[in-house]
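A short write-up of the structure that comes next.
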Amino acid sequence: MSKMNMLQAINNALDTAMAEDERVLCFGEDVGVFGGVFRATSNLQQKYGKARCFNTPLVEQGIIGFANGLAAQGSVPVAEIQFADYIFPAFDQIVNESAKFRYRSGNLFNVGGLTIRAPYGGGIAGGLYHSQSPEAYFAHTPGLKIVVPRNPHQAKGLLLAAIHDPNPTLFFEPKRLYRASVGEVPDEDYRLPLGEAEVTKEGTDVTILGWGAQMEVIDQAVERAEKDGISCEVIDLRTILPWDVETVANSVFKTGRLVVTHEAPLTGGFAGEIAATIQERCFLYLESPIARVTGMDTPFPLVLEKEHLPNHLKVYEAIRASVEF
Amino acid sequence: MTTTKSKVVYSPVFTDGAEFRIPTFKLLKQDGKLYKSAKAPDLDKDKALRIYRAMVTTRILDERMLAAQRQGRLSFYMQCTGEEAAVIGSAAALDDGDMIMAQYREQGALAYRGFTIDEFMNQLFGNEMDYGKGRQMPVHYGSKKLNYMTISSPLATQIPQAAGYAYGQKLRGEGLCTITYFGEGAASEGDFHAALNMAAVHRVPVIFLCRNNGYAISTPAAEQFAADGVAPRAYGYKMDVIRVDGNDILAMYQATQEARKLAVEHNRPVLIEAMSYRLAAHSSSDDPSGYRSKDEEAVWREKDPILRMRLWLESKKWWSDDDEKQLQENMRREVLETMKRAQKRPPPPLESLVSDVYDEVPPALVEQFEKLKAHIGRHPDEYPKSAEHAKGGA
């Protein structure tokens, strides 16, 4: 075990994967000698050479198209998009190509080796274009897996699982946690399951569900709610697609209440999908409406970022409202 | 039916374009004197001094605001240092009614058009007087009255937009054009290629100005493209192209003047590749020591475009040491005083969170906003920027 921040854990996961399998490649804008603008790929070029870790020209659609080709050929590309806000030029390659490669060829071909990493989320004074959480756009695309880690231990285990998973996987890294989140991380290879949520705290009155950096926000809100005598069950969804309905439904059978929170805007956000599915599964068990605490239906602001974000106070109020309904 | 008119050969002949060598246009040497066979463009004293003042203003603003970022007054900053001639020389060759669609490092063009220090500061601090209402990161300026489209962070998106904007100008018969700026890195984006092709096909009065400054954050031009710069791509789209010493104010001015004629009078889009160097870091978040040497930077420091222009102005007896001293002192004082004022101005009102998403705030967002105000009202101490506003009506 070593103490690492989330960036170090991600770097360590990439290092582990590249050491174990020479088919693993890391590339993207500035990921080569510089090691990426956040340094997630530090020293990988020095260690594994320019053929396996390299800078690409500045063209996201090219990066992912190139990665799709590599994956189809049998390589294991880990492509970096510098910010999730800049993933959209590659939307076509991801949505129409990565996601449909296997299906359209009758499984003659697939790009299952593909992993796309992208720093994601707000809270760093990044304004419109360095703050977005675009998971819901991709969650509407069967064929993709979408993973968001909440801390360094999760980041390494989930990233290694994503790299080895036989399906194209988007790995969104909450950049607010890159240096802020520190914890013990095993030095060896280990993989956490994709498609499985984790109950991080058990409770009986209300279930609070989130992912990524929002887990920290939930923990703060729950601390306050518990002082009011409310017993909270906390779930980290971890994988947005395909998502773990069972774990969430089982929790709501027990608590009868659900609060879902994410940074992305309310309308069309993934909380809506969760709420619809859970009310179908748990309708007769629900004691209160499923609550969504999210970013507002606006682009991501700068100066009024705090007002926009679903912070711990807003989550706390939603917990209280759910219990007092 | 074929659309090419090439001659036919009967053995496989490959060509690599090596016969196309694009020269670099220069007029002014670093000592401020013209090259032997060079002739200065038609540039009168008033305009020359307007250009020079804009260059110095940009340099001082950049130095001071990077320092302010280091002091924690600003979250972020980006400097134009080293590229002032490429940006301001080209902007000065335009009509002030021409549209500028820049990337994010072209504050010099705005300074030239007359954006005041106060206007710069209001955006940088995102206060209630910022035209962009505090929504974007620092340096994302825009000015309707100065025909300067608001900056968007995603790279290259403005390039095809410039082609469209200019096509509209052509249809309106305004005799105006659009210039769009971008780096050699952004020129790798698909948007760049789409833009050049559409502009050439539709004969659009647009000037594509590529600032080839050597680096896209850490990525050197040699890892960005295998070709001889960006300029040769124009051939593929049948477009006029010129490569210019981007640190040579006179060459940049004249090249853009001629490009504008091609664009406006002949509906010929033009690509200009300005060869320069990003002397500063990519942004305040970047540290170039991780990817390039001090020696390399020193070579380019010697090619300072502002000093080069100053020496030329002095040789024309249009500028003196006293003028320089006065400009430097006045500008530094103005920047400092204006910064202090702008920093004290309050943030934009809470309503700015939800306005402008659409022309009118839709009902669902009104509801979200009312909820937010009620929430802030319950926790005023947690929201110091907006607690006052939250008390007011919608």
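Here's how to read the names in the structure tokens: chain A, B, ... by the order shown, residue numbers from 1 in each chain, ligand numbers from 1 in the order shown.
All chain B residues having an atom within 7 Å of chain A, based on only C-alpha atoms, amount to Gly126, Gly134, Arg135, Gln136, Met137, Ser153, Pro154, Gly185, Ala186, Ser188, Glu189, Gly190, Ser218, Thr219, Glu223, Gln224, Gly290, Tyr291, Leu353, Val354, Val357, Leu365 and Gln368 of chain B.
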Go ahead and write the selection's residues with N, CA and C atoms as a tab-separated table (two decimals), in the first residue's frame.
chain	number	residue	atom	x	y	z
B	126	GLY	N	-14.72	39.35	-13.72
B	126	GLY	CA	-16.10	38.83	-13.77
B	126	GLY	C	-17.04	39.62	-12.88
B	134	GLY	N	-19.84	37.60	-15.98
B	134	GLY	CA	-19.12	36.75	-15.03
B	134	GLY	C	-19.25	35.27	-15.29
B	135	ARG	N	-19.59	34.92	-16.52
B	135	ARG	CA	-19.84	33.50	-16.78
B	135	ARG	C	-18.61	32.76	-17.27
B	136	GLN	N	-17.70	33.47	-17.93
B	136	GLN	CA	-16.57	32.77	-18.53
B	136	GLN	C	-15.27	33.06	-17.77
B	137	MET	N	-14.32	32.20	-17.97
B	137	MET	CA	-13.00	32.37	-17.37
B	137	MET	C	-12.35	33.66	-17.88
B	153	SER	N	-13.86	28.83	-25.32
B	153	SER	CA	-12.65	28.04	-25.05
B	153	SER	C	-12.40	26.88	-26.03
B	154	PRO	N	-13.41	26.16	-26.47
B	154	PRO	CA	-13.11	25.02	-27.36
B	154	PRO	C	-12.36	25.49	-28.61
B	185	GLY	N	-1.76	24.57	-33.45
B	185	GLY	CA	-2.33	23.36	-32.84
B	185	GLY	C	-3.80	23.22	-33.21
B	186	ALA	N	-4.54	24.31	-33.06
B	186	ALA	CA	-5.98	24.28	-33.38
B	186	ALA	C	-6.21	23.92	-34.84
B	188	SER	N	-5.13	21.63	-36.37
B	188	SER	CA	-5.27	20.18	-36.53
B	188	SER	C	-6.72	19.72	-36.40
B	189	GLU	N	-7.56	20.57	-35.81
B	189	GLU	CA	-8.95	20.18	-35.60
B	189	GLU	C	-9.69	20.05	-36.94
B	190	GLY	N	-10.66	19.19	-36.95
B	190	GLY	CA	-11.47	19.03	-38.15
B	190	GLY	C	-12.13	20.33	-38.58
B	218	SER	N	2.19	21.89	-24.53
B	218	SER	CA	3.56	21.33	-24.51
B	218	SER	C	3.96	20.74	-25.85
B	219	THR	N	2.99	20.58	-26.74
B	219	THR	CA	3.26	19.83	-27.96
B	219	THR	C	3.93	20.72	-29.01
B	223	GLU	N	5.55	17.83	-33.59
B	223	GLU	CA	4.69	16.69	-33.24
B	223	GLU	C	3.23	16.98	-33.62
B	224	GLN	N	3.00	18.15	-34.16
B	224	GLN	CA	1.64	18.54	-34.54
B	224	GLN	C	1.36	18.18	-36.00
B	290	GLY	N	8.86	22.25	-18.29
B	290	GLY	CA	8.67	20.82	-18.45
B	290	GLY	C	8.82	20.34	-19.88
B	291	TYR	N	8.92	21.27	-20.85
B	291	TYR	CA	8.97	20.79	-22.24
B	291	TYR	C	9.83	21.62	-23.18
B	353	LEU	N	-27.43	34.00	-13.43
B	353	LEU	CA	-27.29	32.54	-13.51
B	353	LEU	C	-28.24	31.96	-14.55
B	354	VAL	N	-29.44	32.52	-14.63
B	354	VAL	CA	-30.48	31.88	-15.44
B	354	VAL	C	-30.88	32.68	-16.68
B	357	VAL	N	-29.88	31.87	-21.13
B	357	VAL	CA	-29.84	30.48	-21.57
B	357	VAL	C	-30.70	30.40	-22.84
B	365	LEU	N	-37.04	26.64	-15.46
B	365	LEU	CA	-35.86	27.29	-14.90
B	365	LEU	C	-36.25	28.39	-13.91
B	368	GLN	N	-36.67	26.55	-10.78
B	368	GLN	CA	-35.37	26.22	-10.16
B	368	GLN	C	-34.77	27.47	-9.51
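All residues of protein, DNA or RNA that reach within 7 Å of Asp248 of chain B, judged by only C-alpha atoms and not counting those fewer than 4 positions away in the chain, are B:Lys26, B:Leu27, B:Leu28, B:Ala85, B:Met252, B:Pro305.
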Residue with the minimum atom-to-atom distance to Ala162 of chain B, picked from B:Met198, B:Glu128, B:Asp240, B:Gly246 with only C-alpha atoms counted, is B:Met198
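Closest approach to Ala264 of chain A from the set A:Ile235, A:Ile290, A:Val245, A:Ala136 is made by A:Ala136, with distances taken over only C-alpha atoms.
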Met6 of chain A environment, 6 Å, only C-alpha atoms, sequence neighbours closer than 2 positions dropped, as a short mmCIF file (atom, residue, chain, number, x, y, z; two decimals) with N, CA and C atoms, in the first residue's frame:
data_model
loop_
_atom_site.label_atom_id
_atom_site.label_comp_id
_atom_site.auth_asym_id
_atom_site.auth_seq_id
_atom_site.Cartn_x
_atom_site.Cartn_y
_atom_site.Cartn_z
N GLN A 8 -1.99 10.34 -8.86
CA GLN A 8 -0.95 9.32 -8.71
C GLN A 8 -1.54 7.92 -8.86
N ALA A 9 -2.74 7.74 -8.36
CA ALA A 9 -3.39 6.43 -8.48
C ALA A 9 -3.69 6.10 -9.94
N PRO A 152 -8.83 7.77 -4.72
CA PRO A 152 -7.67 7.14 -5.38
C PRO A 152 -7.77 5.61 -5.46
N TYR A 178 -8.43 15.43 -8.06
CA TYR A 178 -7.12 14.96 -8.52
C TYR A 178 -6.04 15.02 -7.43
N SER A 181 -8.04 14.50 -3.19
CA SER A 181 -8.42 13.21 -2.61
C SER A 181 -7.17 12.34 -2.46
#
Backbone-only DSSP, alpha helix (DSSP H) members of segment 197-347 of chain B, as a PyMOL selection string:
chain B and resi 197-201+221-224+233-236+249-266+294-301+305-315+321-344
